[in-house]
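What follows is a short report on a single structure.
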Amino acid sequence: MNAKPITVTQLNNYIKALLDNTAPLQSLCLRGELSNFKIHSSGHCYFTLKDENAAVSGVMFAAAASKLRFRPESGMKVIAYGRVSLFPKSGQYQIYVNEMAPDGVGALYMAFEQLKEKLYREGLFSKGHKKPLPLYPGRIALVTSPTGAAVRDMLRILKKRWPLCQALVCPVKVQGEGAAQQIADMLDYIDRYRLADLIIAGRGGGSIEDLWAFNEEVVARALYRCSIPVISAVGHEPDITIADYAADLRAATPSNGAELAAPDQDELLLRLRDLSSRAILAEKRKVQQLRQRLEAAASKKIMQSPGEYLNELRLNLSFSQERMASAAREAVSRRRKAFIGRAAALDALSPLKVLGRGYGFMTKDDQIVKTAGDLQAGDRVRVRLHQGEADCLVEEVRQRNG
């Protein structure tokens with residue numbers, strides 16, 4: 001064995017060079033299932049890509065990972081685009097991924113569903129948070145592109161339906177890089193300075209990529225914290241965005257948003273005419289009722305012959321007075337008879353009646369003497385008779401039993 005020895009580092013660098021110089025391995029499209037997916041604090045993503053029989057390590061650096069439209073997770077089937085190389089320090093070869101997409105499902109659709117689920121769990125789509133729209137807004141802010149057909153349609157409809165309303169065009173980018181942040185900043189600005197009673201945020205139709213600014217989390221959170229009611233009017237009727245869920249009301253199109261935002265002056269005029277007619281009819285009915293009451297009052301006797309009516313009242317008063325006087329006399333008579341009866345009963349019980357029959361009663365020291373035992377010889381007593389009284393001296397006391 002005369003071969004010159006080399007170091008492990010040389011070997012790994014040699015293999016790395018072979019891999020880096022193999023063209024098919026530098027532009028590789030690989031299908032597999034993500035496993036052990038982890039995001040480092042630096043933003044780099046580390047994972048394993050596997051199928052039924054084999055596995056390969058993979059890495060996606062932070063710059064490439066920040067451009068992903070969806071959130072990769074373990075167990076997700078993906079298609080990875082990148083190159084194969086070797087990390088010399090570990091001697092392990094791996095795939096360096098530049099782009100990644102869900103296998104069988106579009107990346108944008110996956111991102112949409114993931115964000116929708118996340119915001120739903122946080123309560124950003126809660127019906128209890130939705131604010132009612134003002135019935136007659138004085139100023140409506142249009143957060144949209146100032147040059148698109150959508151803003152012209154909204155202005156035309158608002159002017160036709162509710163010319164009393166002032167439309168304030170708040171220009172923003174509605175697609176492309178930075179559009180979502182512009183929309184969110186404009187919503188915050190309008191809300192902070194209370195520039196409008198109602199906001200319509202939207203744009204005309206387009207592809208999912210064109211509408212993507214309204215699917216960004218920053219827009220959804222701005223809609224949620226806005227204290228002014230917001231209508232989301234994005235794209236055509238079939239188009240659904242995250243903004244539609246987070247706003248207070250979804251409109252099928254920008255034109256429909258303008259229709260929902262402002263009342264129709266023609267309908268209001270018809271309603272006012274109807275109310276006016278009903279009010280006039282009600283007043284006519286009231287006047288008719290008052291006229292009938294007046295006629296009924298005028299037909300009464302007091303209105304036709306007041307003197308005769310008063311004479312009848314005097315007769316009724318005299319009759320009532322006589323009845324009251326008769327009732328009073330009868331009451332007095334009944335009470336006089338009752339008094340005489342009670343007086344006679346009391347008189348029959350009076351001790352003076354007994355004295356009138358020849359009896360008398362004796363008192364000693366102003367106390368009535370009832371028995372001989374109450375007296376002693378020598379006591380002075382007073383005897384009350386029918387007419388007058390006499391003071392006496394007790395000489396002897398004799399008691400009798402029975």
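Chain identifiers are assigned as A, B, and so on, following the order in which chains appear in the structure tokens; residues are numbered from 1 within each chain, and ligands are numbered from 1 in order of appearance.
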Sorted per-residue table, segment 29-139 of chain A near segment 229-252 of chain A, closest atoms and distance, 12 Å, only C-alpha atoms, as JSON lines:
{"residue": "A:Leu108", "atom": "CA", "partner": "A:Thr241", "partner_atom": "CA", "distance": 11.5}
{"residue": "A:Tyr109", "atom": "CA", "partner": "A:Thr241", "partner_atom": "CA", "distance": 10.7}
{"residue": "A:Ala111", "atom": "CA", "partner": "A:Ile242", "partner_atom": "CA", "distance": 10.7}
{"residue": "A:Phe112", "atom": "CA", "partner": "A:Ile242", "partner_atom": "CA", "distance": 7.5}
{"residue": "A:Glu113", "atom": "CA", "partner": "A:Ile242", "partner_atom": "CA", "distance": 9.3}
{"residue": "A:Gln114", "atom": "CA", "partner": "A:Ile242", "partner_atom": "CA", "distance": 10.8}
{"residue": "A:Leu115", "atom": "CA", "partner": "A:Ile242", "partner_atom": "CA", "distance": 8.0}
{"residue": "A:Lys116", "atom": "CA", "partner": "A:Ile242", "partner_atom": "CA", "distance": 6.5}
{"residue": "A:Glu117", "atom": "CA", "partner": "A:Ile242", "partner_atom": "CA", "distance": 10.2}
{"residue": "A:Lys118", "atom": "CA", "partner": "A:Ile242", "partner_atom": "CA", "distance": 11.1}
{"residue": "A:Leu119", "atom": "CA", "partner": "A:Ala246", "partner_atom": "CA", "distance": 8.7}
{"residue": "A:Tyr120", "atom": "CA", "partner": "A:Tyr245", "partner_atom": "CA", "distance": 8.9}
{"residue": "A:Glu122", "atom": "CA", "partner": "A:Ala246", "partner_atom": "CA", "distance": 11.4}
{"residue": "A:Gly123", "atom": "CA", "partner": "A:Ala246", "partner_atom": "CA", "distance": 9.5}
{"residue": "A:Leu124", "atom": "CA", "partner": "A:Ala246", "partner_atom": "CA", "distance": 6.0}
{"residue": "A:Phe125", "atom": "CA", "partner": "A:Ala246", "partner_atom": "CA", "distance": 5.1}
{"residue": "A:Ser126", "atom": "CA", "partner": "A:Ala246", "partner_atom": "CA", "distance": 8.3}
{"residue": "A:Lys127", "atom": "CA", "partner": "A:Asp248", "partner_atom": "CA", "distance": 8.4}
{"residue": "A:Gly128", "atom": "CA", "partner": "A:Asp248", "partner_atom": "CA", "distance": 10.1}
{"residue": "A:His129", "atom": "CA", "partner": "A:Asp248", "partner_atom": "CA", "distance": 8.0}
{"residue": "A:Lys130", "atom": "CA", "partner": "A:Asp248", "partner_atom": "CA", "distance": 4.8}
{"residue": "A:Lys131", "atom": "CA", "partner": "A:Pro229", "partner_atom": "CA", "distance": 5.7}
{"residue": "A:Pro132", "atom": "CA", "partner": "A:Pro229", "partner_atom": "CA", "distance": 6.8}
{"residue": "A:Leu133", "atom": "CA", "partner": "A:Pro229", "partner_atom": "CA", "distance": 6.0}
{"residue": "A:Pro134", "atom": "CA", "partner": "A:Pro229", "partner_atom": "CA", "distance": 8.1}
{"residue": "A:Leu135", "atom": "CA", "partner": "A:Pro229", "partner_atom": "CA", "distance": 11.6}
{"residue": "A:Pro137", "atom": "CA", "partner": "A:Pro229", "partner_atom": "CA", "distance": 10.7}
Give the helix (DSSP H, G or I) residues of segment 136-256 of chain A, as DSSP finds them on the backbone, and put them as a PyMOL selection string.
chain A and resi 149-161+179-192+212-215+217-225+242-246+254-256
Write out the residues from the selection above, keeping C-alpha atoms, as a compact mmCIF listing (two decimals), in the first residue's frame.
# COMPACT_ATOMS: atom_id res chain seq x y z
CA ALA A 149 -61.64 51.01 -11.61
CA ALA A 150 -62.86 50.02 -8.14
CA VAL A 151 -62.47 53.50 -6.66
CA ARG A 152 -64.32 55.07 -9.61
CA ASP A 153 -67.20 52.64 -9.23
CA MET A 154 -67.44 53.29 -5.49
CA LEU A 155 -67.38 57.08 -5.93
CA ARG A 156 -70.05 56.91 -8.64
CA ILE A 157 -72.36 54.72 -6.55
CA LEU A 158 -71.88 56.78 -3.36
CA LYS A 159 -72.67 59.99 -5.22
CA LYS A 160 -75.79 58.49 -6.75
CA ARG A 161 -77.09 56.82 -3.61
CA ALA A 179 -49.01 46.72 0.08
CA ALA A 180 -50.29 44.95 3.19
CA GLN A 181 -48.32 47.24 5.52
CA GLN A 182 -49.59 50.33 3.68
CA ILE A 183 -53.18 49.17 4.06
CA ALA A 184 -52.70 48.46 7.78
CA ASP A 185 -50.99 51.82 8.37
CA MET A 186 -53.78 53.68 6.57
CA LEU A 187 -56.45 51.95 8.65
CA ASP A 188 -54.60 52.91 11.83
CA TYR A 189 -54.21 56.50 10.62
CA ILE A 190 -57.90 56.93 9.80
CA ASP A 191 -58.88 55.40 13.13
CA ARG A 192 -56.41 57.46 15.16
CA TRP A 212 -52.78 38.53 -1.37
CA ALA A 213 -52.24 41.84 0.46
CA PHE A 214 -55.70 41.39 1.98
CA ASN A 215 -54.68 37.92 3.22
CA GLU A 217 -51.88 39.00 9.09
CA VAL A 218 -50.93 42.66 9.53
CA VAL A 219 -54.10 43.76 7.67
CA ALA A 220 -56.31 41.39 9.67
CA ARG A 221 -55.00 42.74 12.97
CA ALA A 222 -55.43 46.35 11.83
CA LEU A 223 -59.05 45.60 10.90
CA TYR A 224 -59.66 43.99 14.28
CA ARG A 225 -58.32 46.89 16.34
CA ILE A 242 -58.74 37.00 5.46
CA ALA A 243 -59.87 40.64 5.47
CA ASP A 244 -63.43 39.48 4.78
CA TYR A 245 -63.39 37.48 8.02
CA ALA A 246 -61.78 40.21 10.14
CA PRO A 254 -66.27 47.15 -4.25
CA SER A 255 -69.50 48.32 -5.89
CA ASN A 256 -71.50 46.20 -3.47
Residues at most 12 Å from Gln10 of chain A, counting only C-alpha atoms, excluding those fewer than 6 positions away in the same chain, as an MDAnalysis selection string?
chainID A and resid 16:17 88:89 91
Find the residues near segment 62-74 of chain A: any atom within 7 Å, counting only C-alpha atoms, skip ones fewer than 6 places away on the same chain, and give them as an NGL selection string.
:A and (34-37 or 43-44 or 98-99 or 107-108 or 110-111)
Find the residues around segment 50-61 of chain A up to 6 Å (only C-alpha atoms counted), leave out those fewer than 6 positions away in its own chain, and share them as a list in words.
Gly32, Glu33, His44, Gln94, Ile95, Tyr96 and Val97 of chain A
With N, CA, C and O atoms retained, could you export that selection as a PDB file, in the first residue's frame?
ATOM      1  N   GLY A  32     -40.970  14.737  -0.830  1.00  0.00           N
ATOM      2  CA  GLY A  32     -40.843  13.928   0.374  1.00  0.00           C
ATOM      3  C   GLY A  32     -41.695  14.478   1.501  1.00  0.00           C
ATOM      4  O   GLY A  32     -42.423  15.469   1.351  1.00  0.00           O
ATOM      5  N   GLU A  33     -41.602  13.821   2.650  1.00  0.00           N
ATOM      6  CA  GLU A  33     -42.372  14.211   3.837  1.00  0.00           C
ATOM      7  C   GLU A  33     -41.432  14.839   4.850  1.00  0.00           C
ATOM      8  O   GLU A  33     -40.353  14.317   5.143  1.00  0.00           O
ATOM      9  N   HIS A  44     -33.000  30.047  10.597  1.00  0.00           N
ATOM     10  CA  HIS A  44     -32.721  28.908   9.722  1.00  0.00           C
ATOM     11  C   HIS A  44     -33.644  27.742  10.089  1.00  0.00           C
ATOM     12  O   HIS A  44     -33.959  27.538  11.269  1.00  0.00           O
ATOM     13  N   GLN A  94     -26.372  16.884   2.650  1.00  0.00           N
ATOM     14  CA  GLN A  94     -27.742  17.344   2.890  1.00  0.00           C
ATOM     15  C   GLN A  94     -28.196  18.197   1.720  1.00  0.00           C
ATOM     16  O   GLN A  94     -27.393  18.614   0.894  1.00  0.00           O
ATOM     17  N   ILE A  95     -29.487  18.440   1.702  1.00  0.00           N
ATOM     18  CA  ILE A  95     -30.048  19.269   0.639  1.00  0.00           C
ATOM     19  C   ILE A  95     -30.249  20.677   1.200  1.00  0.00           C
ATOM     20  O   ILE A  95     -30.788  20.871   2.289  1.00  0.00           O
ATOM     21  N   TYR A  96     -29.760  21.650   0.465  1.00  0.00           N
ATOM     22  CA  TYR A  96     -29.905  23.055   0.809  1.00  0.00           C
ATOM     23  C   TYR A  96     -31.094  23.602   0.006  1.00  0.00           C
ATOM     24  O   TYR A  96     -30.987  23.752  -1.214  1.00  0.00           O
ATOM     25  N   VAL A  97     -32.204  23.862   0.701  1.00  0.00           N
ATOM     26  CA  VAL A  97     -33.461  24.198   0.022  1.00  0.00           C
ATOM     27  C   VAL A  97     -33.580  25.710  -0.144  1.00  0.00           C
ATOM     28  O   VAL A  97     -33.392  26.480   0.803  1.00  0.00           O
TER      29      VAL A  97
END
I'd like the interatomic distance between atom CA of Arg31 of chain A and atom CA of Tyr14 of chain A, to a tenth of an Å.
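Between atom CA of Arg31 of chain A and atom CA of Tyr14 of chain A the gap works out to 27.5 Å.
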Tell me, as an NGL selection string, which residues lie within 6 Å of segment 391-400 of chain A, counting only C-alpha atoms; anything in the same chain fewer than 5 positions away does not count.
:A and (372 or 377-382)
So which one's closest to Ala261 of chain A, A:Val78, A:Met100, A:Ile199, A:Leu290? Using only C-alpha atoms, please.
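Ranking A:Val78, A:Met100, A:Ile199, A:Leu290 by distance to Ala261 of chain A, first place goes to A:Ile199.
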Pick out the residues sitting within 7 Å of Val383 of chain A, and hand them over as a list in words; count only C-alpha atoms, and ignore anything fewer than 4 positions along from it in its own chain.
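Once the adjacent positions are removed, what remains is Gly360, Phe361, Met362, Thr363, Glu389, Ala390 and Asp391 of chain A.
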File of the preceding selection, all heavy atoms, as a tab-separated table (two decimals), in the first residue's frame:
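In the end it all went to part.tsv:
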chain	number	residue	atom	x	y	z
A	360	GLY	N	-132.09	53.29	103.21
A	360	GLY	CA	-130.95	54.19	103.31
A	360	GLY	C	-129.67	53.36	103.32
A	360	GLY	O	-129.71	52.13	103.39
A	361	PHE	N	-128.51	54.02	103.31
A	361	PHE	CA	-127.25	53.28	103.43
A	361	PHE	C	-126.32	54.08	104.33
A	361	PHE	O	-126.47	55.30	104.49
A	361	PHE	CB	-126.60	53.01	102.07
A	361	PHE	CG	-126.20	54.25	101.32
A	361	PHE	CD1	-124.93	54.80	101.50
A	361	PHE	CD2	-127.06	54.85	100.42
A	361	PHE	CE1	-124.56	55.92	100.80
A	361	PHE	CE2	-126.68	55.97	99.72
A	361	PHE	CZ	-125.42	56.52	99.91
A	362	MET	N	-125.41	53.32	104.98
A	362	MET	CA	-124.55	53.89	106.03
A	362	MET	C	-123.11	53.89	105.53
A	362	MET	O	-122.67	52.94	104.89
A	362	MET	CB	-124.68	53.02	107.30
A	362	MET	CG	-123.86	53.50	108.49
A	362	MET	SD	-124.00	52.29	109.85
A	362	MET	CE	-125.76	52.30	110.14
A	363	THR	N	-122.37	54.97	105.87
A	363	THR	CA	-120.95	55.05	105.54
A	363	THR	C	-120.15	55.35	106.78
A	363	THR	O	-120.63	56.03	107.69
A	363	THR	CB	-120.69	56.15	104.49
A	363	THR	OG1	-121.07	57.43	105.03
A	363	THR	CG2	-121.45	55.89	103.20
A	389	GLU	N	-129.39	63.40	105.18
A	389	GLU	CA	-128.57	62.40	105.82
A	389	GLU	C	-128.45	62.75	107.31
A	389	GLU	O	-128.74	63.88	107.72
A	389	GLU	CB	-127.18	62.34	105.18
A	389	GLU	CG	-126.47	63.68	105.16
A	389	GLU	CD	-125.19	63.63	104.35
A	389	GLU	OE1	-125.02	62.76	103.47
A	389	GLU	OE2	-124.32	64.50	104.60
A	390	ALA	N	-128.01	61.77	108.09
A	390	ALA	CA	-127.90	61.99	109.54
A	390	ALA	C	-126.62	61.37	110.05
A	390	ALA	O	-126.24	60.27	109.61
A	390	ALA	CB	-129.11	61.36	110.26
A	391	ASP	N	-125.93	62.10	111.01
A	391	ASP	CA	-124.74	61.56	111.65
A	391	ASP	C	-125.19	60.86	112.93
A	391	ASP	O	-125.91	61.42	113.77
A	391	ASP	CB	-123.75	62.68	111.99
A	391	ASP	CG	-123.15	63.30	110.74
A	391	ASP	OD1	-123.03	62.56	109.73
A	391	ASP	OD2	-122.77	64.50	110.72
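Within segment 154-323 of chain A, the backbone-based DSSP assignment of strand (DSSP E) covers Gln166, Ala167, Leu168, Val169, Cys170, Pro171, Leu198, Ile199, Ile200, Ala201, Gly202, Arg203, Val230, Ile231, Ser232, Ala233, Val234, Leu249, Arg250 and Ala251 of chain A.
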Once you have the residues from the selection above, write them out as a PDB file, in the first residue's frame, restricted to N, CA, C and O atoms.
ATOM      1  N   GLN A 166     -69.653  62.605   2.259  1.00  0.00           N
ATOM      2  CA  GLN A 166     -68.367  62.990   1.683  1.00  0.00           C
ATOM      3  C   GLN A 166     -67.482  61.752   1.572  1.00  0.00           C
ATOM      4  O   GLN A 166     -67.260  61.049   2.564  1.00  0.00           O
ATOM      5  N   ALA A 167     -66.993  61.470   0.383  1.00  0.00           N
ATOM      6  CA  ALA A 167     -66.120  60.318   0.145  1.00  0.00           C
ATOM      7  C   ALA A 167     -64.666  60.774   0.198  1.00  0.00           C
ATOM      8  O   ALA A 167     -64.270  61.687  -0.519  1.00  0.00           O
ATOM      9  N   LEU A 168     -63.888  60.121   1.063  1.00  0.00           N
ATOM     10  CA  LEU A 168     -62.482  60.469   1.243  1.00  0.00           C
ATOM     11  C   LEU A 168     -61.625  59.326   0.695  1.00  0.00           C
ATOM     12  O   LEU A 168     -61.621  58.221   1.251  1.00  0.00           O
ATOM     13  N   VAL A 169     -60.923  59.561  -0.406  1.00  0.00           N
ATOM     14  CA  VAL A 169     -60.066  58.540  -1.015  1.00  0.00           C
ATOM     15  C   VAL A 169     -58.730  58.523  -0.277  1.00  0.00           C
ATOM     16  O   VAL A 169     -58.022  59.535  -0.222  1.00  0.00           O
ATOM     17  N   CYS A 170     -58.390  57.368   0.296  1.00  0.00           N
ATOM     18  CA  CYS A 170     -57.139  57.196   1.037  1.00  0.00           C
ATOM     19  C   CYS A 170     -56.253  56.257   0.220  1.00  0.00           C
ATOM     20  O   CYS A 170     -56.413  55.029   0.286  1.00  0.00           O
ATOM     21  N   PRO A 171     -55.325  56.768  -0.572  1.00  0.00           N
ATOM     22  CA  PRO A 171     -54.584  55.938  -1.533  1.00  0.00           C
ATOM     23  C   PRO A 171     -53.578  55.011  -0.860  1.00  0.00           C
ATOM     24  O   PRO A 171     -52.831  55.414   0.028  1.00  0.00           O
ATOM     25  N   LEU A 198     -67.150  55.641   8.503  1.00  0.00           N
ATOM     26  CA  LEU A 198     -67.160  54.295   7.951  1.00  0.00           C
ATOM     27  C   LEU A 198     -65.995  54.152   6.978  1.00  0.00           C
ATOM     28  O   LEU A 198     -65.615  55.127   6.314  1.00  0.00           O
ATOM     29  N   ILE A 199     -65.432  52.939   6.920  1.00  0.00           N
ATOM     30  CA  ILE A 199     -64.304  52.676   6.024  1.00  0.00           C
ATOM     31  C   ILE A 199     -64.681  51.536   5.074  1.00  0.00           C
ATOM     32  O   ILE A 199     -65.261  50.544   5.501  1.00  0.00           O
ATOM     33  N   ILE A 200     -64.336  51.716   3.798  1.00  0.00           N
ATOM     34  CA  ILE A 200     -64.407  50.616   2.823  1.00  0.00           C
ATOM     35  C   ILE A 200     -62.979  50.321   2.383  1.00  0.00           C
ATOM     36  O   ILE A 200     -62.299  51.194   1.829  1.00  0.00           O
ATOM     37  N   ALA A 201     -62.512  49.096   2.648  1.00  0.00           N
ATOM     38  CA  ALA A 201     -61.165  48.694   2.253  1.00  0.00           C
ATOM     39  C   ALA A 201     -61.285  47.599   1.196  1.00  0.00           C
ATOM     40  O   ALA A 201     -61.943  46.584   1.433  1.00  0.00           O
ATOM     41  N   GLY A 202     -60.672  47.813   0.047  1.00  0.00           N
ATOM     42  CA  GLY A 202     -60.790  46.790  -0.976  1.00  0.00           C
ATOM     43  C   GLY A 202     -60.102  47.158  -2.268  1.00  0.00           C
ATOM     44  O   GLY A 202     -59.386  48.160  -2.370  1.00  0.00           O
ATOM     45  N   ARG A 203     -60.374  46.343  -3.254  1.00  0.00           N
ATOM     46  CA  ARG A 203     -59.818  46.523  -4.596  1.00  0.00           C
ATOM     47  C   ARG A 203     -60.625  45.673  -5.564  1.00  0.00           C
ATOM     48  O   ARG A 203     -61.479  44.874  -5.154  1.00  0.00           O
ATOM     49  N   VAL A 230     -65.689  48.794   9.463  1.00  0.00           N
ATOM     50  CA  VAL A 230     -64.988  48.597   8.193  1.00  0.00           C
ATOM     51  C   VAL A 230     -65.731  47.564   7.347  1.00  0.00           C
ATOM     52  O   VAL A 230     -66.115  46.508   7.843  1.00  0.00           O
ATOM     53  N   ILE A 231     -65.920  47.895   6.068  1.00  0.00           N
ATOM     54  CA  ILE A 231     -66.451  46.954   5.084  1.00  0.00           C
ATOM     55  C   ILE A 231     -65.284  46.460   4.237  1.00  0.00           C
ATOM     56  O   ILE A 231     -64.520  47.259   3.710  1.00  0.00           O
ATOM     57  N   SER A 232     -65.151  45.137   4.126  1.00  0.00           N
ATOM     58  CA  SER A 232     -64.142  44.556   3.251  1.00  0.00           C
ATOM     59  C   SER A 232     -64.782  44.296   1.896  1.00  0.00           C
ATOM     60  O   SER A 232     -65.760  43.558   1.787  1.00  0.00           O
ATOM     61  N   ALA A 233     -64.215  44.911   0.854  1.00  0.00           N
ATOM     62  CA  ALA A 233     -64.776  44.789  -0.502  1.00  0.00           C
ATOM     63  C   ALA A 233     -63.639  44.449  -1.447  1.00  0.00           C
ATOM     64  O   ALA A 233     -63.076  45.317  -2.115  1.00  0.00           O
ATOM     65  N   VAL A 234     -63.303  43.162  -1.496  1.00  0.00           N
ATOM     66  CA  VAL A 234     -62.121  42.717  -2.226  1.00  0.00           C
ATOM     67  C   VAL A 234     -62.520  41.782  -3.362  1.00  0.00           C
ATOM     68  O   VAL A 234     -63.202  40.775  -3.139  1.00  0.00           O
ATOM     69  N   LEU A 249     -68.044  43.779   8.073  1.00  0.00           N
ATOM     70  CA  LEU A 249     -69.002  43.314   7.070  1.00  0.00           C
ATOM     71  C   LEU A 249     -68.244  43.024   5.779  1.00  0.00           C
ATOM     72  O   LEU A 249     -67.316  43.755   5.413  1.00  0.00           O
ATOM     73  N   ARG A 250     -68.637  41.945   5.094  1.00  0.00           N
ATOM     74  CA  ARG A 250     -68.031  41.592   3.818  1.00  0.00           C
ATOM     75  C   ARG A 250     -68.959  42.004   2.690  1.00  0.00           C
ATOM     76  O   ARG A 250     -70.166  41.750   2.734  1.00  0.00           O
ATOM     77  N   ALA A 251     -68.386  42.633   1.685  1.00  0.00           N
ATOM     78  CA  ALA A 251     -69.123  42.960   0.469  1.00  0.00           C
ATOM     79  C   ALA A 251     -68.595  42.079  -0.655  1.00  0.00           C
ATOM     80  O   ALA A 251     -67.407  41.757  -0.709  1.00  0.00           O
TER      81      ALA A 251
END
Taking only C-alpha atoms into account, name the residue in A:Ile140, A:Val369, A:Leu349, A:Ala298 that is nearest to Leu260 of chain A.
A:Ile140
